[in-house]
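Colleague: Here you go, one structure.
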Amino acid sequence: MSSPAGLPPTLVGTGDLFQLLRDGTPRTRGELAQLSSLARSTITARVDALLSSGLLQPVGEAASTGGRPPTRFALNRADRVVLAIDLGASHASVAVSDLSGQVLDQRTVQSDIADGPVVVLDRVAAIGVELLGGIDRQVADVAGVGIGVPGPVEHATGRPANPPIMPGWHDFDIPAHLGRQFAGPVLVDNDVNLMALGEYVTSWQTAPHLLLVKVATGIGAGIVTDGRLLRGALGSAGDLGHVQVAGAPQDVVCRCGNIGCLEAMAAGPAIAAALRGQGLDVESSQDIVDAVSAGDIAALQAVRAAGRDLGSVLATCVNLLNPSVIVIGGKLSEAGEYLLAGVREVVYQRSLPLATHDLRIVSTSAGSQGGILGASAMVIDAVLAPRAVDEYVARRIA
Ligand SMILES: [Zn+2]
């Protein structure tokens, strides 16, 4: 009799044991026995199965306690690769990472999301295949594909849901399309969620409650709680852009039709419009960042005011979610301390003391790599989960 994964009964739970090796720390059979409370014979059988599958490799010997020194084992990061894709409104980044999330090669190209799903997905898939060839890996080595898109997605099905800047993408079956070319799961999420996950896995694993806010042409947030993305019932959690700013003037009409939305007050186009009203020649978020870098007083003041508007909405989020860190990302975060100063000014004043006791408010450290790193982490989490490892081992040792 075999398990649902197809493993012989003695090997059921191999994927659970493997979780002790996920962090890359080499361990001996003895250490694994101690950590898992499993019998040595069980450990030996499961370690042998993981070695045969290729997921585990011997990495030298531990210090001997008398007799033959015991072998240590660790995750074989090169066993398979992950394809990570980050789609923006006008660009596409494609990367190949190993099973630890380390990017092995990457390319970013101009790509208009409005070209539609078939053109864009075939474009990034072709780049992925080229990158694989460049590092001597095959399409068959791909464990899974992670892809971030600039709009709302139903994560469970991988279908975009009425994305405002992605004409032709509504309800398109992204996993089915990419799944024709690549084996393994094709996981889709919105770009801000993946930025949050990327920031978490690279910089904040010690702070498992993280709120990432992307401030660019639009405003959105990704929420990590207990180390996992909080997506909500339909995947729209974190859509901060259309929360009303308290005290917003009645004449600020948002593109969504409501009055005084955060996005209409504090995103790039709103700041640029305000600055044009003062005679500055600014259009894009980059222009605003450039004006701040050049020390333009009006630009500094406008960005700081946008930070305060953002802070007034974030103060509510802090009281609701009690994050340990708020990370500000997106193009406007490059305006540096001025945006952060505005956010801090209001959040610390308006949130409850307990909620802000250990709260840090910082700029992104992953920057534009956040989406790629998050896409890779999302796939690795899925393909190295206990049941997925059981199934993989069963296939490889069959
Ligand atoms: Zn709105």
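So you can find residues: chains in the structure tokens are A, B, ... in the order shown, residues in each start at 1, and ligands are numbered from 1 in order.
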List as JSON, numbers by chain the protein and nucleic acid residues lying within 9 Å of ligand 1, with only C-alpha atoms and all ligand atoms counted.

Modeller: {"A": [241, 242, 243, 244, 253, 254, 255, 256, 257, 258, 259, 260, 261, 262, 263, 264]}

Colleague: Hey, what's within 12 Å of Ala33 of chain A if we count only C-alpha atoms and toss same-chain stuff fewer than 4 positions away? As an mmCIF file with N, CA, C and O atoms, in the first residue's frame, please?

Modeller:
```
data_model
loop_
_atom_site.group_PDB
_atom_site.id
_atom_site.type_symbol
_atom_site.label_atom_id
_atom_site.label_comp_id
_atom_site.auth_asym_id
_atom_site.auth_seq_id
_atom_site.Cartn_x
_atom_site.Cartn_y
_atom_site.Cartn_z
ATOM 1 N N LEU A 17 10.086 15.945 7.204
ATOM 2 C CA LEU A 17 11.473 15.943 7.659
ATOM 3 C C LEU A 17 12.291 16.974 6.873
ATOM 4 O O LEU A 17 13.127 17.693 7.428
ATOM 5 N N LEU A 20 12.985 20.596 7.959
ATOM 6 C CA LEU A 20 14.077 20.923 8.884
ATOM 7 C C LEU A 20 15.345 21.329 8.129
ATOM 8 O O LEU A 20 16.286 21.843 8.720
ATOM 9 N N ARG A 27 22.822 19.568 8.290
ATOM 10 C CA ARG A 27 22.586 18.824 9.527
ATOM 11 C C ARG A 27 22.956 17.359 9.343
ATOM 12 O O ARG A 27 22.875 16.825 8.239
ATOM 13 N N THR A 28 23.340 16.711 10.445
ATOM 14 C CA THR A 28 23.637 15.277 10.414
ATOM 15 C C THR A 28 22.353 14.493 10.690
ATOM 16 O O THR A 28 21.357 15.051 11.152
ATOM 17 N N ARG A 29 22.433 13.171 10.431
ATOM 18 C CA ARG A 29 21.265 12.319 10.745
ATOM 19 C C ARG A 29 20.939 12.423 12.233
ATOM 20 O O ARG A 29 19.779 12.458 12.620
ATOM 21 N N SER A 37 12.542 13.979 16.731
ATOM 22 C CA SER A 37 12.145 12.880 17.626
ATOM 23 C C SER A 37 11.776 11.610 16.873
ATOM 24 O O SER A 37 11.027 10.781 17.376
ATOM 25 N N LEU A 38 12.294 11.460 15.644
ATOM 26 C CA LEU A 38 12.043 10.223 14.901
ATOM 27 C C LEU A 38 13.179 9.235 15.176
ATOM 28 O O LEU A 38 14.278 9.626 15.556
ATOM 29 N N ALA A 39 12.875 7.941 14.952
ATOM 30 C CA ALA A 39 13.901 6.906 15.143
ATOM 31 C C ALA A 39 14.997 7.061 14.098
ATOM 32 O O ALA A 39 14.747 7.517 12.984
ATOM 33 N N ARG A 40 16.229 6.656 14.455
ATOM 34 C CA ARG A 40 17.360 6.777 13.531
ATOM 35 C C ARG A 40 17.107 6.038 12.223
ATOM 36 O O ARG A 40 17.456 6.525 11.143
ATOM 37 N N SER A 41 16.455 4.864 12.314
ATOM 38 C CA SER A 41 16.215 4.083 11.092
ATOM 39 C C SER A 41 15.259 4.832 10.151
ATOM 40 O O SER A 41 15.419 4.818 8.935
ATOM 41 N N THR A 42 14.286 5.513 10.748
ATOM 42 C CA THR A 42 13.338 6.296 9.946
ATOM 43 C C THR A 42 14.053 7.454 9.267
ATOM 44 O O THR A 42 13.857 7.721 8.076
ATOM 45 N N ILE A 43 14.884 8.141 10.052
ATOM 46 C CA ILE A 43 15.661 9.259 9.501
ATOM 47 C C ILE A 43 16.516 8.775 8.319
ATOM 48 O O ILE A 43 16.533 9.394 7.254
ATOM 49 N N THR A 44 17.194 7.664 8.527
ATOM 50 C CA THR A 44 18.087 7.161 7.488
ATOM 51 C C THR A 44 17.320 6.867 6.194
ATOM 52 O O THR A 44 17.738 7.257 5.108
ATOM 53 N N ALA A 45 16.158 6.236 6.325
ATOM 54 C CA ALA A 45 15.364 5.909 5.131
ATOM 55 C C ALA A 45 14.922 7.179 4.404
ATOM 56 O O ALA A 45 14.988 7.275 3.177
ATOM 57 N N ARG A 46 14.491 8.170 5.173
ATOM 58 C CA ARG A 46 13.981 9.399 4.542
ATOM 59 C C ARG A 46 15.107 10.237 3.949
ATOM 60 O O ARG A 46 14.957 10.830 2.879
ATOM 61 N N VAL A 47 16.231 10.285 4.652
ATOM 62 C CA VAL A 47 17.376 11.032 4.111
ATOM 63 C C VAL A 47 17.858 10.361 2.810
ATOM 64 O O VAL A 47 18.144 11.044 1.816
#
```

Colleague: Counting only C-alpha atoms, which residue out of A:Gly134, A:Gly30, A:Pro150, A:Gly54 sits closest to Ser90 of chain A?

Modeller: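 Among the listed residues, the smallest separation from Ser90 of chain A belongs to A:Pro150.
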
Colleague: For Leu332 of chain A, which residue out of A:Ile297, A:Ala216, A:Ala272, A:Val313 is the nearest one, using only C-alpha atoms?

Modeller: A:Ala216

Colleague: Excluding segment 6-14 of chain A and its own-chain neighbours fewer than 4 positions away, which residues fall within 10 Å of it when counting only C-alpha atoms? Please give them as a PyMOL selection string.

Modeller: chain A and resi 1-2+18-19+41-43+45-50+386-387+389-395+397-398

Colleague: Would you mind listing what lies within 8 Å of Tyr338 of chain A as a PDB file with N, CA, C and O atoms, in the first residue's frame, with only C-alpha atoms counted and same-chain residues fewer than 6 positions away left out?

Modeller:
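Result saved to out.pdb:
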```
ATOM      1  N   LEU A 300       9.805  69.200  -2.403  1.00  0.00           N
ATOM      2  CA  LEU A 300      10.017  68.625  -1.069  1.00  0.00           C
ATOM      3  C   LEU A 300       8.738  68.719  -0.243  1.00  0.00           C
ATOM      4  O   LEU A 300       8.325  67.765   0.413  1.00  0.00           O
ATOM      5  N   VAL A 303       5.939  66.360  -1.569  1.00  0.00           N
ATOM      6  CA  VAL A 303       6.176  64.950  -1.245  1.00  0.00           C
ATOM      7  C   VAL A 303       5.937  64.705   0.243  1.00  0.00           C
ATOM      8  O   VAL A 303       5.335  63.702   0.639  1.00  0.00           O
ATOM      9  N   ARG A 304       6.353  65.637   1.071  1.00  0.00           N
ATOM     10  CA  ARG A 304       6.136  65.473   2.505  1.00  0.00           C
ATOM     11  C   ARG A 304       4.636  65.510   2.834  1.00  0.00           C
ATOM     12  O   ARG A 304       4.151  64.725   3.667  1.00  0.00           O
ATOM     13  N   GLY A 307       3.227  62.288   2.014  1.00  0.00           N
ATOM     14  CA  GLY A 307       3.582  61.362   3.090  1.00  0.00           C
ATOM     15  C   GLY A 307       2.620  61.469   4.259  1.00  0.00           C
ATOM     16  O   GLY A 307       2.220  60.465   4.844  1.00  0.00           O
TER      17      GLY A 307
END
```

Colleague: Once DSSP has gone over the backbone, tell me which residues of segment 46-266 of chain A are in strand (DSSP E or B), as a PyMOL selection string.

Modeller: chain A and resi 56-61+71-75+81-87+91-97+103-110+142-149+153-154+159-160+186-190+210-215+219-225+228-229+244+253+259+261

Colleague: Using only C-alpha atoms, which protein or nucleic acid residues come within 9 Å of Pro26 of chain A? Drop anything in the same chain fewer than 5 positions from it, and give the result as number ranges by chain.

Modeller: A: 21, 58-60, 72-75

Colleague: Hey, can you check how far atom CA of Gly218 of chain A sits from atom CA of Ala267 of chain A?

Modeller: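 Pair atom CA of Gly218 of chain A / atom CA of Ala267 of chain A returns 5.5 Å.
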
Colleague: Figure out the distance between atom CA of Gln286 of chain A and atom CA of Ala335 of chain A, please, to one decimal in Å.

Modeller: 9.2 Å

Colleague: So which residues touch Tyr200 of chain A within 12 Å, counting only C-alpha atoms, skipping near sequence neighbours fewer than 5 positions away, as a ChimeraX atom specification?

Modeller: /A:193-195,205-212,222-229,324-327,364-366,370-371,373-374,377-378
